Every structure is written in C-alpha cells, then in structure tokens.
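Q: Sharing my_file-v3.cif below, mmCIF, C-alpha atoms; chains and numbers go by the auth columns:
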```cif
data_structure
#
loop_
_atom_site.group_PDB
_atom_site.id
_atom_site.type_symbol
_atom_site.label_atom_id
_atom_site.label_comp_id
_atom_site.label_asym_id
_atom_site.label_seq_id
_atom_site.Cartn_x
_atom_site.Cartn_y
_atom_site.Cartn_z
_atom_site.B_iso_or_equiv
_atom_site.auth_seq_id
_atom_site.auth_asym_id
ATOM 1 C CA MET A 1 0.000 0.000 0.000 0.00 1 A
ATOM 2 C CA GLU A 2 2.892 2.390 0.677 0.00 2 A
ATOM 3 C CA GLY A 3 4.095 4.256 -2.365 0.00 3 A
ATOM 4 C CA LYS A 4 3.279 6.980 -4.847 0.00 4 A
ATOM 5 C CA TYR A 5 0.025 7.118 -6.771 0.00 5 A
ATOM 6 C CA LYS A 6 -1.359 9.199 -9.629 0.00 6 A
ATOM 7 C CA GLY A 7 -5.042 9.601 -10.124 0.00 7 A
ATOM 8 C CA TYR A 8 -7.999 11.741 -10.993 0.00 8 A
ATOM 9 C CA TYR A 9 -11.477 12.577 -9.782 0.00 9 A
ATOM 10 C CA ILE A 10 -14.654 13.551 -11.599 0.00 10 A
ATOM 11 C CA TYR A 11 -17.788 15.321 -10.330 0.00 11 A
ATOM 12 C CA ASP A 12 -21.117 13.478 -10.621 0.00 12 A
ATOM 13 C CA ASN A 13 -22.875 16.762 -11.381 0.00 13 A
ATOM 14 C CA PRO A 14 -22.049 17.727 -15.010 0.00 14 A
ATOM 15 C CA LYS A 15 -22.635 21.389 -14.136 0.00 15 A
ATOM 16 C CA TYR A 16 -19.762 21.350 -11.591 0.00 16 A
ATOM 17 C CA GLN A 17 -17.503 19.427 -13.968 0.00 17 A
ATOM 18 C CA GLN A 18 -18.179 21.941 -16.732 0.00 18 A
ATOM 19 C CA GLN A 19 -17.399 24.876 -14.419 0.00 19 A
ATOM 20 C CA ILE A 20 -13.825 23.692 -13.824 0.00 20 A
ATOM 21 C CA ASN A 21 -13.272 23.438 -17.619 0.00 21 A
ATOM 22 C CA HIS A 22 -11.639 19.980 -17.439 0.00 22 A
ATOM 23 C CA ASP A 23 -12.878 16.422 -17.900 0.00 23 A
ATOM 24 C CA LYS A 24 -10.854 15.235 -14.876 0.00 24 A
ATOM 25 C CA THR A 25 -8.979 16.768 -11.965 0.00 25 A
ATOM 26 C CA PHE A 26 -5.636 15.053 -11.469 0.00 26 A
ATOM 27 C CA PHE A 27 -3.859 14.442 -8.164 0.00 27 A
ATOM 28 C CA ASN A 28 -0.774 12.819 -6.656 0.00 28 A
ATOM 29 C CA ILE A 29 -0.846 10.799 -3.433 0.00 29 A
ATOM 30 C CA GLU A 30 2.068 9.455 -1.442 0.00 30 A
ATOM 31 C CA ILE A 31 1.217 6.889 1.218 0.00 31 A
ATOM 32 C CA THR A 32 4.077 7.092 3.700 0.00 32 A
ATOM 33 C CA GLU A 33 2.819 4.796 6.462 0.00 33 A
ATOM 34 C CA PHE A 34 0.856 1.546 6.371 0.00 34 A
ATOM 35 C CA SER A 35 0.374 -0.667 9.422 0.00 35 A
ATOM 36 C CA ASN A 36 -2.381 -2.997 10.626 0.00 36 A
ATOM 37 C CA GLY A 37 -4.678 -1.984 7.785 0.00 37 A
ATOM 38 C CA GLU A 38 -4.367 1.757 8.479 0.00 38 A
ATOM 39 C CA PHE A 39 -2.496 4.225 6.287 0.00 39 A
ATOM 40 C CA PHE A 40 -1.392 7.844 6.255 0.00 40 A
ATOM 41 C CA GLY A 41 -0.023 10.046 3.504 0.00 41 A
ATOM 42 C CA PHE A 42 -0.053 13.277 1.581 0.00 42 A
ATOM 43 C CA VAL A 43 -2.074 14.501 -1.385 0.00 43 A
ATOM 44 C CA GLU A 44 -1.671 17.326 -3.891 0.00 44 A
ATOM 45 C CA ASP A 45 -4.300 18.198 -6.474 0.00 45 A
ATOM 46 C CA ASP A 46 -3.290 19.549 -9.865 0.00 46 A
ATOM 47 C CA ILE A 47 -4.489 23.152 -9.709 0.00 47 A
ATOM 48 C CA ASP A 48 -4.284 23.469 -13.513 0.00 48 A
ATOM 49 C CA THR A 49 -7.082 20.881 -13.866 0.00 49 A
ATOM 50 C CA GLY A 50 -9.352 22.410 -11.213 0.00 50 A
ATOM 51 C CA GLY A 51 -7.868 20.972 -8.024 0.00 51 A
ATOM 52 C CA THR A 52 -7.845 22.355 -4.508 0.00 52 A
ATOM 53 C CA PRO A 53 -4.639 24.273 -3.678 0.00 53 A
ATOM 54 C CA GLY A 54 -2.191 23.176 -0.995 0.00 54 A
ATOM 55 C CA LYS A 55 -0.690 19.940 0.247 0.00 55 A
ATOM 56 C CA GLY A 56 -3.225 17.900 2.159 0.00 56 A
ATOM 57 C CA ILE A 57 -3.177 14.754 4.232 0.00 57 A
ATOM 58 C CA ILE A 58 -5.013 11.468 3.883 0.00 58 A
ATOM 59 C CA LYS A 59 -5.847 9.007 6.646 0.00 59 A
ATOM 60 C CA GLY A 60 -7.513 5.745 5.879 0.00 60 A
ATOM 61 C CA GLU A 61 -8.071 2.040 6.214 0.00 61 A
ATOM 62 C CA LYS A 62 -7.659 -0.976 3.967 0.00 62 A
ATOM 63 C CA ASN A 63 -9.789 -4.030 4.650 0.00 63 A
ATOM 64 C CA GLY A 64 -9.240 -6.773 2.073 0.00 64 A
ATOM 65 C CA ASN A 65 -9.776 -5.073 -1.294 0.00 65 A
ATOM 66 C CA ASN A 66 -11.824 -2.240 0.230 0.00 66 A
ATOM 67 C CA VAL A 67 -10.264 1.154 0.899 0.00 67 A
ATOM 68 C CA PHE A 68 -11.643 4.128 2.802 0.00 68 A
ATOM 69 C CA PHE A 69 -9.853 7.416 3.463 0.00 69 A
ATOM 70 C CA ILE A 70 -10.465 11.025 4.382 0.00 70 A
ATOM 71 C CA LYS A 71 -8.730 13.788 2.439 0.00 71 A
ATOM 72 C CA GLU A 72 -8.096 17.015 4.342 0.00 72 A
ATOM 73 C CA MET A 73 -6.888 20.052 2.392 0.00 73 A
ATOM 74 C CA PRO A 74 -5.457 23.167 4.085 0.00 74 A
ATOM 75 C CA ILE A 75 -7.263 25.698 1.866 0.00 75 A
ATOM 76 C CA ALA A 76 -11.016 25.861 1.331 0.00 76 A
ATOM 77 C CA ALA A 77 -11.858 26.070 -2.367 0.00 77 A
ATOM 78 C CA PHE A 78 -15.322 26.293 -3.898 0.00 78 A
ATOM 79 C CA ILE A 79 -16.771 26.902 -7.329 0.00 79 A
ATOM 80 C CA ILE A 80 -18.984 29.969 -6.960 0.00 80 A
ATOM 81 C CA ASN A 81 -20.732 31.398 -10.027 0.00 81 A
ATOM 82 C CA GLY A 82 -18.365 29.460 -12.280 0.00 82 A
ATOM 83 C CA LYS A 83 -15.153 30.678 -10.620 0.00 83 A
ATOM 84 C CA LEU A 84 -12.851 28.967 -8.153 0.00 84 A
ATOM 85 C CA LYS A 85 -12.797 30.901 -4.872 0.00 85 A
ATOM 86 C CA THR A 86 -10.296 30.119 -2.110 0.00 86 A
ATOM 87 C CA TYR A 87 -10.423 30.942 1.592 0.00 87 A
ATOM 88 C CA LYS A 88 -7.776 30.772 4.338 0.00 88 A
ATOM 89 C CA LYS A 89 -9.683 28.021 6.125 0.00 89 A
ATOM 90 C CA LYS A 90 -9.451 24.245 6.020 0.00 90 A
ATOM 91 C CA HIS A 91 -11.471 22.675 3.233 0.00 91 A
ATOM 92 C CA PRO A 92 -14.367 20.451 4.336 0.00 92 A
ATOM 93 C CA LYS A 93 -13.310 16.817 4.678 0.00 93 A
ATOM 94 C CA ILE A 94 -13.604 14.716 1.535 0.00 94 A
ATOM 95 C CA TYR A 95 -14.584 11.075 2.029 0.00 95 A
ATOM 96 C CA TYR A 96 -13.239 8.476 -0.410 0.00 96 A
ATOM 97 C CA LYS A 97 -14.152 4.807 -0.663 0.00 97 A
ATOM 98 C CA GLY A 98 -13.008 2.356 -3.283 0.00 98 A
ATOM 99 C CA ILE A 99 -11.974 -1.107 -4.342 0.00 99 A
ATOM 100 C CA ILE A 100 -8.502 -2.322 -5.219 0.00 100 A
ATOM 101 C CA THR A 101 -8.270 -4.201 -8.526 0.00 101 A
ATOM 102 C CA ASP A 102 -4.763 -5.167 -9.649 0.00 102 A
ATOM 103 C CA ASN A 103 -2.758 -1.919 -9.326 0.00 103 A
ATOM 104 C CA ASN A 104 -5.792 0.383 -9.519 0.00 104 A
ATOM 105 C CA ILE A 105 -8.008 1.735 -6.793 0.00 105 A
ATOM 106 C CA GLU A 106 -11.299 3.259 -7.877 0.00 106 A
ATOM 107 C CA GLY A 107 -14.538 4.284 -6.297 0.00 107 A
ATOM 108 C CA GLU A 108 -16.646 7.203 -5.105 0.00 108 A
ATOM 109 C CA TRP A 109 -15.980 10.394 -3.141 0.00 109 A
ATOM 110 C CA LYS A 110 -18.231 12.909 -1.396 0.00 110 A
ATOM 111 C CA ILE A 111 -18.209 16.149 0.530 0.00 111 A
ATOM 112 C CA LYS A 112 -21.042 16.420 3.021 0.00 112 A
ATOM 113 C CA SER A 113 -23.118 19.597 3.075 0.00 113 A
ATOM 114 C CA GLY A 114 -22.422 22.077 5.853 0.00 114 A
ATOM 115 C CA PHE A 115 -21.426 25.576 6.906 0.00 115 A
ATOM 116 C CA ILE A 116 -17.992 27.198 6.881 0.00 116 A
ATOM 117 C CA MET A 117 -17.340 30.249 9.042 0.00 117 A
ATOM 118 C CA LEU A 118 -15.687 33.052 7.039 0.00 118 A
ATOM 119 C CA GLY A 119 -14.985 35.879 9.439 0.00 119 A
ATOM 120 C CA LEU A 120 -18.407 37.153 10.471 0.00 120 A
ATOM 121 C CA SER A 121 -20.251 35.376 7.665 0.00 121 A
ATOM 122 C CA PHE A 122 -21.048 31.795 6.701 0.00 122 A
ATOM 123 C CA LEU A 123 -20.733 29.905 3.458 0.00 123 A
ATOM 124 C CA PHE A 124 -23.106 26.989 2.986 0.00 124 A
ATOM 125 C CA GLY A 125 -21.554 24.137 1.040 0.00 125 A
ATOM 126 C CA LEU A 126 -23.834 21.738 -0.777 0.00 126 A
ATOM 127 C CA LYS A 127 -23.218 18.005 -0.830 0.00 127 A
ATOM 128 C CA VAL A 128 -20.913 17.215 -3.740 0.00 128 A
ATOM 129 C CA SER A 129 -19.892 13.776 -4.992 0.00 129 A
ATOM 130 C CA GLY A 130 -18.178 11.957 -7.790 0.00 130 A
ATOM 131 C CA THR A 131 -15.936 9.110 -8.844 0.00 131 A
ATOM 132 C CA TRP A 132 -12.174 8.648 -8.709 0.00 132 A
ATOM 133 C CA MET A 133 -9.352 6.347 -9.741 0.00 133 A
ATOM 134 C CA MET A 134 -5.662 6.093 -8.924 0.00 134 A
ATOM 135 C CA GLU A 135 -2.753 3.834 -9.840 0.00 135 A
ATOM 136 C CA ASN A 136 0.508 3.022 -8.169 0.00 136 A
ATOM 137 C CA VAL A 137 3.195 5.031 -10.009 0.00 137 A
ATOM 138 C CA GLU A 138 5.604 2.070 -10.164 0.00 138 A
ATOM 139 C CA SER A 139 3.053 0.060 -12.131 0.00 139 A
ATOM 140 C CA ALA A 140 1.104 2.875 -13.837 0.00 140 A
ATOM 141 C CA LYS A 141 0.923 2.188 -17.544 0.00 141 A
ATOM 142 C CA THR A 142 -2.725 2.770 -18.390 0.00 142 A
ATOM 143 C CA LEU A 143 -3.679 5.980 -16.557 0.00 143 A
ATOM 144 C CA LYS A 144 -4.636 8.596 -19.131 0.00 144 A
ATOM 145 C CA THR A 145 -3.093 11.898 -18.074 0.00 145 A
ATOM 146 C CA SER A 146 -2.789 15.313 -19.610 0.00 146 A
ATOM 147 C CA PRO A 147 0.552 16.042 -21.343 0.00 147 A
ATOM 148 C CA ASP A 148 1.647 18.388 -18.560 0.00 148 A
ATOM 149 C CA TYR A 149 0.542 16.128 -15.707 0.00 149 A
ATOM 150 C CA ARG A 150 3.368 15.605 -13.203 0.00 150 A
#
```
As structure tokens, how would this structure be written, given the file I've shared?

A:
Amino acid sequence: MEGKYKGYYIYDNPKYQQQINHDKTFFNIEITEFSNGEFFGFVEDDIDTGGTPGKGIIKGEKNGNNVFFIKEMPIAAFIINGKLKTYKKKHPKIYYKGIITDNNIEGEWKIKSGFIMLGLSFLFGLKVSGTWMMENVESAKTLKTSPDYR
C-alpha cells in the first residue's frame, strides 16, 4: 500500500464538472505509512485541472480489497458562479471509498453539506460527490493523463 500514486477525480454533477473546464482533476498521493490496515499520507491536487490548492493529508483504512480514506486540504476552495474561490480556512473533509483491482483503486468520493465560518459570515456548502481512480506510479501504464501532468 505504501508508495506513490497518480489519479484523478470527476464530479457526478455535469454542471460542476463543466465549471472547472476539465474532464478530470488530477492528483498525486504518497502513502508514507501503512500498518495494521491503516495508512497515512499526503495529497496534492493539480491546480491546472481544477484541483484544490495546498498539500493535504489522507488518513484511511484498507480491509481486504476495500479502501476508505479522508482527504483534508489546508485551503477551502469552492466553485462559486463558475469561478474557483479560495479561503484561508481548512477545506471540508472529503470522504473516499473504493476497491482495489490489480494496481488500480477506484470508487466514489463525497463532501457532506455544511457551513464554513468566514470571518463574520457563513458559506453553505452543498453536498458534492463523484468518482475517482488512482494507480501506483511504479506500475502505472494505463492511466490517461494530460501532457503536462506531473
């Protein structure tokens, strides 16, 4: 489970996907610790394909071929009126679940609806969800990436 992974995520809602002007948002994950079915690592979204800025952390569990992890990003980023807006607050937690098949892990992700305090005002975030896939970099041969993807 430890290692470097490349992947992408897609929004279920075509309106959100269209607003970021990309078919997929790419990311890199490095799992640095894996013990007793639990893992920890770091994640960076590709900002050029609509990702959330900053280096985040992931914490999760592997049970057989099932994987569950929470992605926590240091900067809140939302699509508001078709534009990406960032705030100096932690992004709401993103929940990932998936299944390992060969060297791929794929599944679904979601952000639960809720409020974020922005100074003296609130921002209400709607529930957002989608699908995702990632491959171990050492064995990645089939992941379709953009030409400038790192």

Q: Quick one: residues within 6 Å of Gly37 (chain A), all atoms listed in the file, excluding same-chain residues fewer than 2 positions away - as number ranges by chain?

A: A: 35, 61-62

Q: So which residues get picked by the PyMOL selection byres ((chain A and resi 8) around 8) here, written as a compact mmCIF listing (two decimals) with C-alpha atoms, in the coordinates of the input?

A:
```txt
# COMPACT_ATOMS: atom_id res chain seq x y z
CA LYS A 6 -1.36 9.20 -9.63
CA GLY A 7 -5.04 9.60 -10.12
CA TYR A 9 -11.48 12.58 -9.78
CA ILE A 10 -14.65 13.55 -11.60
CA LYS A 24 -10.85 15.24 -14.88
CA THR A 25 -8.98 16.77 -11.96
CA PHE A 26 -5.64 15.05 -11.47
CA PHE A 27 -3.86 14.44 -8.16
CA TRP A 132 -12.17 8.65 -8.71
CA MET A 133 -9.35 6.35 -9.74
CA MET A 134 -5.66 6.09 -8.92
```

Q: Exactly which residues make up the result of the PyMOL selection byres ((chain A and resi 66) around 9) on this file, given as a ChimeraX atom specification?

A: /A:61-65,67-68,97-100,105

Q: With 6 Å added on each side, what axis-aligned box encloses every listed atom of region 56-65 of chain A? Give the centre and edge lengths in Å to one decimal, as lines of an AutoDock Vina configuration file.

A:
```
center_x = -6.5
center_y = 5.6
center_z = 2.7
size_x = 18.6
size_y = 36.7
size_z = 19.9
```

Q: Would you mind reading off the distance between CA of Lys110 (chain A) and CA of Tyr16 (chain A), one decimal, in Å?

A: 13.3 Å

Q: Name the residues in contact with Glu30 (chain A) at a cut-off of 8 Å, using all atoms listed in the file, excluding same-chain residues fewer than 2 positions from it; report them as a list in words.

A: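 The residues that qualify are Glu2, Gly3, Lys4, Tyr5, Asn28, Thr32, Gly41, Phe42 and Val43 of chain A.
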